[in-house]
Amino acid sequence: MDELILELKQEIIKVLNLQGVKPEDIDNDAPLFGDGLGLDSIDALELIVLLEKNYGIKLEDPGKGREIFGSINIFAKYISENRKK
Amino acid sequence: MKVYIQGIGNISIQNTFRQTGFPEPVWYNESYVRCIDPDFTNYISPNEARRMSKVIKRAIASAKTCIAESSVEMPDAVISGTGLGCIEDTEKFLSAMIDNDEKFLQPTFFIQSTHNTISSQIAINLKCNNHNNTFVQGGISFECALFEAFILFADNKIKSALVGGYDEMTPSYFRILNRIGLWKKKFEGSGNLSNSTTPGTFAGEGSVSVMLSSAKNEKTYAAIEAVEILYQPENIVESIETFLSRNSKKTEDIDLVVMGMNGDVKNDAIYKTISADMFGAKAHAWYKNLSGEYFTSTGFGLWFAANCIKHKYVPSYAALNSHNAGKLQNVLLLNHYQNKNFSLILFSAC
């Protein structure tokens with residue numbers, strides 16, 4: 001799981017172009033949206049694309065993203081349980 | 001009608017950003033050159049910058065600098081011209097579409113690939129809810145933006161306008177234009193461009209923001225009296241005479257003619273005709289040896305002409321002849337792109 005968490009953080013930083021942010025700066029339990037990383041709705045769309053492209057997970061209900069993207073730990077757990085690649 | 005230039009922000013391949021007057025010229029030996037960029041973190045927060053391509057960052061930095069220099073706090077209009085818009089993000093979006101078999105398309109690149117995102121993002125950054133428009137008209141994009149501002153001033157709808165010309169030259173677009181012969185096969189350096197007898201020029205890019213106002217003050221660079229855009233004029237000399245006459249000027253009233261010559265024999269021939277037939281005894285200058293060629297390079301030409309008037313001299317490296325420019329009361333900026341789209345801009349000292 002630790003490996004997946006690190007990979008996920010690196011991908012998020014790359015895809016969302018989080019300038020000056022390192023993987024260790026992202027708290028595994030902090031919310032990705034709002035107070036934590038301060039991501040917004042366009043970032044949510046980017047993460048949905050990332051899920052499908054990297055892990056073969058297609059979110060049929062984009063509204064579910066808010067729950068899945070709750071924190072890095074929640075996100076990684078969802079991926080490990082649902083990944084197709 | 002006169003509108004006054006109250007501030008200019010210019011990011012180019014020269015050290016023009018936040019520079020008073022003319023900086024020492026930088027000469028290039030490569031025909032593909034990128035801008036000398038400032039530290040964008042001074043103008044845009046990291047969170048805002050992460051979705052912005054270079055052209056947007058440059059546009060915002062030049063706009064903010066321009067506003068800071070002027071006495072206008074919030075423009076009544078934000079009007080931009082761009083030949084290519086955010087071509088870098090467009091390329092990323094299209095490349096990803098090809099690489100991923102039209103799947104997994106990233107929304108950010110899609111949003112940023114639209115041309116009108118430039119004016120929009122400037123306005124969002126400034127929190128400006130006033131008139132907003134972007135012109136995408138090839139080699140006269142900047143002039144179209146300027147022309148619209150003029151119409152709005154003439155109709156008394158605005159008292160100030162932030163007008164800009166923004167373009168970036170990506171490696172792939174440079175290669176495409178190279179294939180159609182826009183760049184020199186053997187480039188001998190931007191400092192030697194005036195002696196060139198071969199086709200082609202060198203590529204540039206840039207971001208020029210200009211604050212126009214209906215009122216002048218002690219900071220004013222110059223006044224713009226008229227802007228005209230022509231498409232393949234039958235007789236350019238007659239067109240210029242008519243333009244001057246319409247603005248109560250004669251050829252002899254012009255102290256300096258700033259030309260869009262770029263060292264390409266096919267491009268420069270018409271300027272030589274204009275010069276010989278109309279302005280033989282007048283001072284001539286050019287600026288594309290400094291800016292390189294790109295769709296909105298007239299913006300750099302405006303910066304050049306306005307600085308000549310404000311600082312009352314023509315730098316020797318930009319002079320095309322040794323005639324005296326006198327008091328630099330009236331300056332005419334001539335440009336054309338690929339011998340199709342011509343523009344005339346008449347400036348005067350305040």
# chains A, B, ... in the order shown; residues from 1 in each chain; ligands from 1
>>> interface_residues(of="chain A", to="chain B", cutoff="8 Å", atoms="only C-alpha atoms", output="PyMOL selection string")
chain A and resi 16-20+42+45-46+49-50+52-53
>>> write_last_selection(atoms="all heavy atoms", output="JSON list (two decimals), in the first residue's frame")
[["chain", "number", "residue", "atom", "x", "y", "z"],
["A", 16, "LEU", "N", -1.67, 17.33, -11.86],
["A", 16, "LEU", "CA", -2.28, 18.61, -11.47],
["A", 16, "LEU", "C", -1.25, 19.74, -11.44],
["A", 16, "LEU", "O", -1.58, 20.88, -11.10],
["A", 16, "LEU", "CB", -2.95, 18.48, -10.09],
["A", 16, "LEU", "CG", -4.01, 17.37, -9.98],
["A", 16, "LEU", "CD1", -4.67, 17.41, -8.61],
["A", 16, "LEU", "CD2", -5.06, 17.49, -11.07],
["A", 17, "ASN", "N", -0.01, 19.43, -11.80],
["A", 17, "ASN", "CA", 1.07, 20.42, -11.87],
["A", 17, "ASN", "C", 1.15, 21.23, -10.57],
["A", 17, "ASN", "O", 1.14, 22.47, -10.58],
["A", 17, "ASN", "CB", 0.85, 21.35, -13.07],
["A", 17, "ASN", "CG", 2.07, 22.19, -13.38],
["A", 17, "ASN", "OD1", 3.20, 21.84, -12.99],
["A", 17, "ASN", "ND2", 1.89, 23.30, -14.06],
["A", 18, "LEU", "N", 1.23, 20.50, -9.46],
["A", 18, "LEU", "CA", 1.29, 21.16, -8.14],
["A", 18, "LEU", "C", 2.72, 21.65, -7.90],
["A", 18, "LEU", "O", 3.57, 20.92, -7.38],
["A", 18, "LEU", "CB", 0.85, 20.20, -7.04],
["A", 18, "LEU", "CG", -0.58, 19.65, -7.18],
["A", 18, "LEU", "CD1", -0.87, 18.63, -6.09],
["A", 18, "LEU", "CD2", -1.60, 20.78, -7.11],
["A", 19, "GLN", "N", 2.95, 22.88, -8.33],
["A", 19, "GLN", "CA", 4.31, 23.41, -8.29],
["A", 19, "GLN", "C", 4.83, 23.58, -6.86],
["A", 19, "GLN", "O", 4.15, 24.12, -6.01],
["A", 19, "GLN", "CB", 4.35, 24.74, -9.03],
["A", 19, "GLN", "CG", 4.03, 24.57, -10.50],
["A", 19, "GLN", "CD", 3.80, 25.88, -11.22],
["A", 19, "GLN", "OE1", 3.90, 26.95, -10.64],
["A", 19, "GLN", "NE2", 3.49, 25.79, -12.50],
["A", 20, "GLY", "N", 6.03, 23.08, -6.64],
["A", 20, "GLY", "CA", 6.66, 23.22, -5.32],
["A", 20, "GLY", "C", 6.17, 22.22, -4.29],
["A", 20, "GLY", "O", 6.60, 22.27, -3.14],
["A", 42, "ILE", "N", -12.21, 21.11, -11.39],
["A", 42, "ILE", "CA", -11.46, 20.70, -12.59],
["A", 42, "ILE", "C", -10.43, 19.63, -12.20],
["A", 42, "ILE", "O", -10.20, 18.66, -12.94],
["A", 42, "ILE", "CB", -10.77, 21.90, -13.26],
["A", 42, "ILE", "CG1", -11.83, 22.89, -13.76],
["A", 42, "ILE", "CG2", -9.90, 21.45, -14.44],
["A", 42, "ILE", "CD1", -11.29, 24.19, -14.27],
["A", 45, "LEU", "N", -12.03, 16.30, -12.12],
["A", 45, "LEU", "CA", -12.13, 15.70, -13.47],
["A", 45, "LEU", "C", -10.79, 15.08, -13.88],
["A", 45, "LEU", "O", -10.74, 14.00, -14.46],
["A", 45, "LEU", "CB", -12.55, 16.76, -14.49],
["A", 45, "LEU", "CG", -13.98, 17.28, -14.39],
["A", 45, "LEU", "CD1", -14.21, 18.44, -15.34],
["A", 45, "LEU", "CD2", -14.98, 16.17, -14.69],
["A", 46, "GLU", "N", -9.71, 15.79, -13.56],
["A", 46, "GLU", "CA", -8.37, 15.27, -13.88],
["A", 46, "GLU", "C", -8.12, 13.95, -13.14],
["A", 46, "GLU", "O", -7.54, 13.01, -13.69],
["A", 46, "GLU", "CB", -7.28, 16.28, -13.49],
["A", 46, "GLU", "CG", -7.27, 17.56, -14.31],
["A", 46, "GLU", "CD", -6.63, 17.39, -15.70],
["A", 46, "GLU", "OE1", -6.26, 16.26, -16.05],
["A", 46, "GLU", "OE2", -6.55, 18.40, -16.40],
["A", 49, "VAL", "N", -9.92, 11.11, -14.80],
["A", 49, "VAL", "CA", -9.16, 10.66, -15.99],
["A", 49, "VAL", "C", -7.98, 9.81, -15.54],
["A", 49, "VAL", "O", -7.68, 8.75, -16.12],
["A", 49, "VAL", "CB", -8.69, 11.89, -16.83],
["A", 49, "VAL", "CG1", -7.76, 11.44, -17.95],
["A", 49, "VAL", "CG2", -9.88, 12.64, -17.40],
["A", 50, "LEU", "N", -7.30, 10.26, -14.50],
["A", 50, "LEU", "CA", -6.13, 9.52, -13.96],
["A", 50, "LEU", "C", -6.53, 8.10, -13.52],
["A", 50, "LEU", "O", -5.82, 7.12, -13.81],
["A", 50, "LEU", "CB", -5.54, 10.29, -12.78],
["A", 50, "LEU", "CG", -4.27, 9.79, -12.12],
["A", 50, "LEU", "CD1", -3.48, 10.97, -11.57],
["A", 50, "LEU", "CD2", -4.51, 8.81, -10.99],
["A", 52, "GLU", "N", -8.96, 6.23, -14.59],
["A", 52, "GLU", "CA", -9.25, 5.36, -15.74],
["A", 52, "GLU", "C", -7.98, 5.02, -16.52],
["A", 52, "GLU", "O", -7.77, 3.86, -16.90],
["A", 52, "GLU", "CB", -10.27, 6.05, -16.65],
["A", 52, "GLU", "CG", -10.78, 5.11, -17.74],
["A", 52, "GLU", "CD", -11.85, 5.74, -18.60],
["A", 52, "GLU", "OE1", -12.27, 6.88, -18.33],
["A", 52, "GLU", "OE2", -12.27, 5.07, -19.57],
["A", 53, "LYS", "N", -7.16, 6.04, -16.72],
["A", 53, "LYS", "CA", -5.95, 5.85, -17.53],
["A", 53, "LYS", "C", -4.93, 4.94, -16.84],
["A", 53, "LYS", "O", -4.39, 4.03, -17.46],
["A", 53, "LYS", "CB", -5.33, 7.22, -17.82],
["A", 53, "LYS", "CG", -4.17, 7.19, -18.79],
["A", 53, "LYS", "CD", -3.65, 8.60, -19.02],
["A", 53, "LYS", "CE", -2.39, 8.57, -19.85],
["A", 53, "LYS", "NZ", -1.78, 9.90, -19.97]]
>>> select_by_dssp(residues="stretch 250-338 of chain B", states="strand (DSSP E or B)", output="JSON, numbers by chain")
{"B": [256, 257, 258, 259, 283, 284, 285, 286, 293, 319, 330, 331, 332, 333, 334, 335, 336, 337]}
>>> residues_around(residues="A:Pro31", least_positions_apart="2", cutoff="8 Å", atoms="only C-alpha atoms", output="PyMOL selection string")
chain A and resi 29+33-37+69-72
>>> write_last_selection(atoms="N, CA and C atoms", output="PDB file, in the first residue's frame")
ATOM      1  N   ASP A  29      -3.932  11.630   5.381  1.00  0.00           N
ATOM      2  CA  ASP A  29      -5.305  11.694   5.896  1.00  0.00           C
ATOM      3  C   ASP A  29      -5.987  13.037   5.643  1.00  0.00           C
ATOM      4  N   PHE A  33      -9.545  18.030  -1.275  1.00  0.00           N
ATOM      5  CA  PHE A  33     -10.295  19.207  -1.713  1.00  0.00           C
ATOM      6  C   PHE A  33     -10.579  20.104  -0.505  1.00  0.00           C
ATOM      7  N   GLY A  34     -10.808  21.370  -0.806  1.00  0.00           N
ATOM      8  CA  GLY A  34     -11.108  22.304   0.279  1.00  0.00           C
ATOM      9  C   GLY A  34      -9.861  22.662   1.064  1.00  0.00           C
ATOM     10  N   ASP A  35      -9.856  22.339   2.339  1.00  0.00           N
ATOM     11  CA  ASP A  35      -8.770  22.797   3.229  1.00  0.00           C
ATOM     12  C   ASP A  35      -7.410  22.171   2.937  1.00  0.00           C
ATOM     13  N   GLY A  36      -7.382  20.889   2.582  1.00  0.00           N
ATOM     14  CA  GLY A  36      -6.101  20.194   2.412  1.00  0.00           C
ATOM     15  C   GLY A  36      -5.261  20.735   1.275  1.00  0.00           C
ATOM     16  N   LEU A  37      -5.262  20.003   0.162  1.00  0.00           N
ATOM     17  CA  LEU A  37      -4.468  20.449  -0.992  1.00  0.00           C
ATOM     18  C   LEU A  37      -5.137  21.611  -1.733  1.00  0.00           C
ATOM     19  N   PHE A  69     -12.154  10.671  -3.367  1.00  0.00           N
ATOM     20  CA  PHE A  69     -11.006  11.574  -3.260  1.00  0.00           C
ATOM     21  C   PHE A  69     -10.944  12.254  -1.881  1.00  0.00           C
ATOM     22  N   GLY A  70     -11.528  11.626  -0.890  1.00  0.00           N
ATOM     23  CA  GLY A  70     -11.556  12.200   0.460  1.00  0.00           C
ATOM     24  C   GLY A  70     -10.171  12.485   1.010  1.00  0.00           C
ATOM     25  N   SER A  71      -9.262  11.547   0.812  1.00  0.00           N
ATOM     26  CA  SER A  71      -7.866  11.727   1.247  1.00  0.00           C
ATOM     27  C   SER A  71      -7.010  10.743   0.446  1.00  0.00           C
ATOM     28  N   ILE A  72      -5.727  10.848   0.572  1.00  0.00           N
ATOM     29  CA  ILE A  72      -4.825   9.927  -0.147  1.00  0.00           C
ATOM     30  C   ILE A  72      -5.083   8.490   0.318  1.00  0.00           C
TER      31      ILE A  72
END
>>> residues_around(residues="B:Ile118", least_positions_apart="3", cutoff="10 Å", atoms="only C-alpha atoms", output="PyMOL selection string")
chain B and resi 52+55-57+59-60+78-82+85-86+112-115+121-124+133-134+164-166
>>> residues_around(residues="B:Gly204", least_positions_apart="2", cutoff="9 Å", atoms="only C-alpha atoms", output="VMD selection string")
chain B and resid 12 to 13 31 to 35 167 to 169 202 206 288 290 to 294 297
>>> write_last_selection(atoms="N, CA, C and O atoms", output="short mmCIF file (atom, residue, chain, number, x, y, z; two decimals), in the first residue's frame")
data_model
loop_
_atom_site.label_atom_id
_atom_site.label_comp_id
_atom_site.auth_asym_id
_atom_site.auth_seq_id
_atom_site.Cartn_x
_atom_site.Cartn_y
_atom_site.Cartn_z
N SER B 12 9.54 39.99 -24.19
CA SER B 12 9.94 39.68 -25.56
C SER B 12 11.27 38.94 -25.53
O SER B 12 11.76 38.55 -24.46
N ILE B 13 11.88 38.81 -26.68
CA ILE B 13 13.19 38.15 -26.73
C ILE B 13 14.31 39.16 -26.39
O ILE B 13 15.48 38.81 -26.42
N SER B 31 17.66 30.84 -35.36
CA SER B 31 16.41 31.41 -35.89
C SER B 31 15.20 31.03 -35.05
O SER B 31 14.09 31.45 -35.33
N TYR B 32 15.42 30.23 -33.99
CA TYR B 32 14.33 29.92 -33.08
C TYR B 32 14.69 30.42 -31.69
O TYR B 32 15.65 29.93 -31.07
N VAL B 33 13.96 31.41 -31.23
CA VAL B 33 14.30 32.09 -29.98
C VAL B 33 13.07 32.17 -29.08
O VAL B 33 11.97 32.41 -29.57
N ARG B 34 13.26 31.98 -27.80
CA ARG B 34 12.15 32.13 -26.85
C ARG B 34 12.33 33.42 -26.05
O ARG B 34 13.43 33.98 -25.99
N CYS B 35 11.26 33.85 -25.41
CA CYS B 35 11.27 35.11 -24.65
C CYS B 35 12.23 35.06 -23.45
O CYS B 35 12.51 33.99 -22.92
N ASP B 167 1.59 35.93 -28.24
CA ASP B 167 1.83 34.71 -29.01
C ASP B 167 3.07 33.99 -28.52
O ASP B 167 4.03 34.62 -28.07
N GLU B 168 3.00 32.67 -28.61
CA GLU B 168 4.17 31.85 -28.27
C GLU B 168 4.53 31.02 -29.50
O GLU B 168 3.66 30.71 -30.32
N MET B 169 5.79 30.68 -29.62
CA MET B 169 6.26 29.89 -30.75
C MET B 169 6.77 28.56 -30.21
O MET B 169 7.85 28.49 -29.63
N PHE B 202 13.63 35.28 -39.00
CA PHE B 202 13.80 34.43 -37.82
C PHE B 202 12.57 34.57 -36.92
O PHE B 202 11.88 35.59 -36.95
N GLY B 206 6.17 36.88 -28.20
CA GLY B 206 6.13 38.01 -27.29
C GLY B 206 4.77 38.26 -26.68
O GLY B 206 3.76 37.67 -27.08
N LYS B 288 11.82 44.39 -36.17
CA LYS B 288 11.75 42.92 -36.19
C LYS B 288 13.13 42.27 -36.11
O LYS B 288 13.23 41.07 -35.89
N LEU B 290 14.78 43.01 -33.67
CA LEU B 290 14.78 42.88 -32.20
C LEU B 290 13.74 41.88 -31.72
O LEU B 290 13.97 41.16 -30.75
N SER B 291 12.58 41.86 -32.38
CA SER B 291 11.46 41.04 -31.88
C SER B 291 11.35 39.67 -32.53
O SER B 291 10.75 38.77 -31.96
N GLY B 292 11.92 39.52 -33.73
CA GLY B 292 11.63 38.32 -34.51
C GLY B 292 10.23 38.44 -35.10
O GLY B 292 9.50 39.40 -34.81
N GLU B 293 9.89 37.49 -35.96
CA GLU B 293 8.58 37.55 -36.62
C GLU B 293 7.59 36.63 -35.93
O GLU B 293 7.89 35.48 -35.63
N TYR B 294 6.43 37.14 -35.65
CA TYR B 294 5.32 36.33 -35.15
C TYR B 294 4.02 37.10 -35.41
O TYR B 294 4.06 38.26 -35.81
N SER B 297 3.54 40.60 -33.70
CA SER B 297 4.76 41.39 -33.49
C SER B 297 4.50 42.89 -33.61
O SER B 297 5.33 43.70 -33.17
#
>>> select_by_dssp(residues="stretch 11-84 of chain A", states="helix (DSSP H, G or I)", output="mmCIF file with N, CA and C atoms, in the first residue's frame")
data_model
loop_
_atom_site.group_PDB
_atom_site.id
_atom_site.type_symbol
_atom_site.label_atom_id
_atom_site.label_comp_id
_atom_site.auth_asym_id
_atom_site.auth_seq_id
_atom_site.Cartn_x
_atom_site.Cartn_y
_atom_site.Cartn_z
ATOM 1 N N GLU A 11 1.843 10.950 -9.056
ATOM 2 C CA GLU A 11 0.964 11.149 -10.212
ATOM 3 C C GLU A 11 0.087 12.389 -10.039
ATOM 4 N N ILE A 12 -0.433 12.570 -8.824
ATOM 5 C CA ILE A 12 -1.287 13.744 -8.560
ATOM 6 C C ILE A 12 -0.477 15.034 -8.760
ATOM 7 N N ILE A 13 0.736 15.030 -8.234
ATOM 8 C CA ILE A 13 1.594 16.223 -8.378
ATOM 9 C C ILE A 13 1.864 16.504 -9.851
ATOM 10 N N LYS A 14 2.132 15.431 -10.601
ATOM 11 C CA LYS A 14 2.451 15.592 -12.022
ATOM 12 C C LYS A 14 1.217 16.041 -12.832
ATOM 13 N N VAL A 15 0.117 15.334 -12.665
ATOM 14 C CA VAL A 15 -1.078 15.616 -13.468
ATOM 15 C C VAL A 15 -1.670 16.986 -13.136
ATOM 16 N N PRO A 23 5.918 14.778 -2.573
ATOM 17 C CA PRO A 23 5.038 13.726 -2.034
ATOM 18 C C PRO A 23 4.939 13.787 -0.507
ATOM 19 N N GLU A 24 6.052 14.066 0.165
ATOM 20 C CA GLU A 24 6.026 14.088 1.627
ATOM 21 C C GLU A 24 5.228 15.275 2.197
ATOM 22 N N ASP A 25 4.949 16.268 1.345
ATOM 23 C CA ASP A 25 4.147 17.417 1.797
ATOM 24 C C ASP A 25 2.657 17.070 1.893
ATOM 25 N N SER A 41 -12.979 21.601 -8.739
ATOM 26 C CA SER A 41 -13.770 20.679 -9.566
ATOM 27 C C SER A 41 -13.039 20.237 -10.830
ATOM 28 N N ILE A 42 -12.213 21.105 -11.386
ATOM 29 C CA ILE A 42 -11.459 20.696 -12.586
ATOM 30 C C ILE A 42 -10.431 19.628 -12.203
ATOM 31 N N ASP A 43 -9.847 19.791 -11.019
ATOM 32 C CA ASP A 43 -8.913 18.767 -10.533
ATOM 33 C C ASP A 43 -9.622 17.428 -10.358
ATOM 34 N N ALA A 44 -10.879 17.491 -9.915
ATOM 35 C CA ALA A 44 -11.641 16.245 -9.744
ATOM 36 C C ALA A 44 -11.775 15.528 -11.081
ATOM 37 N N LEU A 45 -12.028 16.298 -12.124
ATOM 38 C CA LEU A 45 -12.130 15.699 -13.467
ATOM 39 C C LEU A 45 -10.794 15.079 -13.882
ATOM 40 N N GLU A 46 -9.707 15.793 -13.559
ATOM 41 C CA GLU A 46 -8.371 15.271 -13.881
ATOM 42 C C GLU A 46 -8.123 13.947 -13.139
ATOM 43 N N LEU A 47 -8.566 13.880 -11.888
ATOM 44 C CA LEU A 47 -8.353 12.653 -11.104
ATOM 45 C C LEU A 47 -9.202 11.501 -11.648
ATOM 46 N N ILE A 48 -10.390 11.820 -12.161
ATOM 47 C CA ILE A 48 -11.234 10.777 -12.764
ATOM 48 C C ILE A 48 -10.528 10.199 -14.008
ATOM 49 N N VAL A 49 -9.923 11.107 -14.801
ATOM 50 C CA VAL A 49 -9.164 10.661 -15.987
ATOM 51 C C VAL A 49 -7.976 9.809 -15.544
ATOM 52 N N LEU A 50 -7.298 10.255 -14.495
ATOM 53 C CA LEU A 50 -6.132 9.517 -13.962
ATOM 54 C C LEU A 50 -6.535 8.100 -13.524
ATOM 55 N N LEU A 51 -7.676 8.010 -12.843
ATOM 56 C CA LEU A 51 -8.165 6.694 -12.371
ATOM 57 C C LEU A 51 -8.344 5.726 -13.531
ATOM 58 N N GLU A 52 -8.962 6.228 -14.594
ATOM 59 C CA GLU A 52 -9.253 5.360 -15.739
ATOM 60 C C GLU A 52 -7.984 5.019 -16.516
ATOM 61 N N LYS A 53 -7.158 6.038 -16.716
ATOM 62 C CA LYS A 53 -5.952 5.848 -17.534
ATOM 63 C C LYS A 53 -4.934 4.940 -16.845
ATOM 64 N N ASN A 54 -4.688 5.171 -15.583
ATOM 65 C CA ASN A 54 -3.615 4.437 -14.889
ATOM 66 C C ASN A 54 -4.076 3.130 -14.251
ATOM 67 N N TYR A 55 -5.329 3.091 -13.838
ATOM 68 C CA TYR A 55 -5.764 1.921 -13.071
ATOM 69 C C TYR A 55 -6.971 1.199 -13.673
ATOM 70 N N PRO A 62 -19.716 10.426 -11.525
ATOM 71 C CA PRO A 62 -18.668 11.378 -11.132
ATOM 72 C C PRO A 62 -18.891 11.939 -9.728
ATOM 73 N N GLY A 63 -20.164 11.945 -9.269
ATOM 74 C CA GLY A 63 -20.476 12.459 -7.930
ATOM 75 C C GLY A 63 -19.810 11.633 -6.838
ATOM 76 N N LYS A 64 -19.482 10.402 -7.191
ATOM 77 C CA LYS A 64 -18.844 9.521 -6.217
ATOM 78 C C LYS A 64 -17.406 9.950 -5.911
ATOM 79 N N GLY A 65 -16.881 10.789 -6.819
ATOM 80 C CA GLY A 65 -15.504 11.253 -6.677
ATOM 81 C C GLY A 65 -15.245 11.919 -5.340
ATOM 82 N N ARG A 66 -16.208 12.687 -4.880
ATOM 83 C CA ARG A 66 -16.019 13.435 -3.630
ATOM 84 C C ARG A 66 -15.703 12.488 -2.472
ATOM 85 N N GLU A 67 -16.349 11.328 -2.516
ATOM 86 C CA GLU A 67 -16.114 10.326 -1.465
ATOM 87 C C GLU A 67 -14.750 9.642 -1.668
ATOM 88 N N ILE A 68 -14.490 9.244 -2.905
ATOM 89 C CA ILE A 68 -13.240 8.515 -3.216
ATOM 90 C C ILE A 68 -12.007 9.394 -3.005
ATOM 91 N N ILE A 72 -5.727 10.848 0.572
ATOM 92 C CA ILE A 72 -4.825 9.927 -0.147
ATOM 93 C C ILE A 72 -5.083 8.490 0.318
ATOM 94 N N ASN A 73 -5.255 8.301 1.602
ATOM 95 C CA ASN A 73 -5.496 6.943 2.115
ATOM 96 C C ASN A 73 -6.782 6.339 1.542
ATOM 97 N N ILE A 74 -7.860 7.133 1.520
ATOM 98 C CA ILE A 74 -9.141 6.642 0.982
ATOM 99 C C ILE A 74 -8.998 6.347 -0.516
ATOM 100 N N PHE A 75 -8.328 7.263 -1.208
ATOM 101 C CA PHE A 75 -8.118 7.143 -2.655
ATOM 102 C C PHE A 75 -7.333 5.858 -2.965
ATOM 103 N N ALA A 76 -6.238 5.654 -2.237
ATOM 104 C CA ALA A 76 -5.376 4.480 -2.477
ATOM 105 C C ALA A 76 -6.132 3.182 -2.167
ATOM 106 N N LYS A 77 -6.924 3.209 -1.097
ATOM 107 C CA LYS A 77 -7.693 2.016 -0.723
ATOM 108 C C LYS A 77 -8.698 1.666 -1.828
ATOM 109 N N TYR A 78 -9.367 2.692 -2.349
ATOM 110 C CA TYR A 78 -10.354 2.468 -3.416
ATOM 111 C C TYR A 78 -9.659 1.865 -4.652
ATOM 112 N N ILE A 79 -8.497 2.402 -4.980
ATOM 113 C CA ILE A 79 -7.766 1.905 -6.157
ATOM 114 C C ILE A 79 -7.355 0.445 -5.948
ATOM 115 N N SER A 80 -6.788 0.161 -4.785
ATOM 116 C CA SER A 80 -6.301 -1.223 -4.545
ATOM 117 C C SER A 80 -7.456 -2.229 -4.587
ATOM 118 N N GLU A 81 -8.639 -1.792 -4.228
ATOM 119 C CA GLU A 81 -9.795 -2.713 -4.221
ATOM 120 C C GLU A 81 -10.484 -2.831 -5.577
ATOM 121 N N ASN A 82 -10.268 -1.831 -6.449
ATOM 122 C CA ASN A 82 -11.039 -1.816 -7.706
ATOM 123 C C ASN A 82 -10.190 -1.807 -8.974
#
>>> atom_distance(atom1="atom CA of B:Ala226", atom2="atom CA of B:Ala305")
13.9 Å
>>> decode(residues="stretch 24-65 of chain A", atoms="C-alpha atoms", output="PDB file, in the first residue's frame")
ATOM      1  CA  GLU A  24       6.026  14.088   1.627  1.00  0.00           C
ATOM      2  CA  ASP A  25       4.147  17.417   1.797  1.00  0.00           C
ATOM      3  CA  ILE A  26       0.832  15.640   1.217  1.00  0.00           C
ATOM      4  CA  ASP A  27      -0.721  14.329   4.410  1.00  0.00           C
ATOM      5  CA  ASN A  28      -2.220  10.864   3.826  1.00  0.00           C
ATOM      6  CA  ASP A  29      -5.305  11.694   5.896  1.00  0.00           C
ATOM      7  CA  ALA A  30      -5.827  15.328   4.921  1.00  0.00           C
ATOM      8  CA  PRO A  31      -8.679  16.169   2.534  1.00  0.00           C
ATOM      9  CA  LEU A  32      -7.563  16.643  -1.060  1.00  0.00           C
ATOM     10  CA  PHE A  33     -10.295  19.207  -1.713  1.00  0.00           C
ATOM     11  CA  GLY A  34     -11.108  22.304   0.279  1.00  0.00           C
ATOM     12  CA  ASP A  35      -8.770  22.797   3.229  1.00  0.00           C
ATOM     13  CA  GLY A  36      -6.101  20.194   2.412  1.00  0.00           C
ATOM     14  CA  LEU A  37      -4.468  20.449  -0.992  1.00  0.00           C
ATOM     15  CA  GLY A  38      -7.111  22.971  -2.043  1.00  0.00           C
ATOM     16  CA  LEU A  39      -8.101  21.141  -5.210  1.00  0.00           C
ATOM     17  CA  ASP A  40     -11.210  22.149  -7.176  1.00  0.00           C
ATOM     18  CA  SER A  41     -13.770  20.679  -9.566  1.00  0.00           C
ATOM     19  CA  ILE A  42     -11.459  20.696 -12.586  1.00  0.00           C
ATOM     20  CA  ASP A  43      -8.913  18.767 -10.533  1.00  0.00           C
ATOM     21  CA  ALA A  44     -11.641  16.245  -9.744  1.00  0.00           C
ATOM     22  CA  LEU A  45     -12.130  15.699 -13.467  1.00  0.00           C
ATOM     23  CA  GLU A  46      -8.371  15.271 -13.881  1.00  0.00           C
ATOM     24  CA  LEU A  47      -8.353  12.653 -11.104  1.00  0.00           C
ATOM     25  CA  ILE A  48     -11.234  10.777 -12.764  1.00  0.00           C
ATOM     26  CA  VAL A  49      -9.164  10.661 -15.987  1.00  0.00           C
ATOM     27  CA  LEU A  50      -6.132   9.517 -13.962  1.00  0.00           C
ATOM     28  CA  LEU A  51      -8.165   6.694 -12.371  1.00  0.00           C
ATOM     29  CA  GLU A  52      -9.253   5.360 -15.739  1.00  0.00           C
ATOM     30  CA  LYS A  53      -5.952   5.848 -17.534  1.00  0.00           C
ATOM     31  CA  ASN A  54      -3.615   4.437 -14.889  1.00  0.00           C
ATOM     32  CA  TYR A  55      -5.764   1.921 -13.071  1.00  0.00           C
ATOM     33  CA  GLY A  56      -8.558   1.022 -15.506  1.00  0.00           C
ATOM     34  CA  ILE A  57     -11.240   2.253 -13.103  1.00  0.00           C
ATOM     35  CA  LYS A  58     -14.101   4.020 -14.856  1.00  0.00           C
ATOM     36  CA  LEU A  59     -16.239   6.095 -12.498  1.00  0.00           C
ATOM     37  CA  GLU A  60     -19.808   5.789 -13.787  1.00  0.00           C
ATOM     38  CA  ASP A  61     -21.011   8.337 -11.242  1.00  0.00           C
ATOM     39  CA  PRO A  62     -18.668  11.378 -11.132  1.00  0.00           C
ATOM     40  CA  GLY A  63     -20.476  12.459  -7.930  1.00  0.00           C
ATOM     41  CA  LYS A  64     -18.844   9.521  -6.217  1.00  0.00           C
ATOM     42  CA  GLY A  65     -15.504  11.253  -6.677  1.00  0.00           C
TER      43      GLY A  65
END
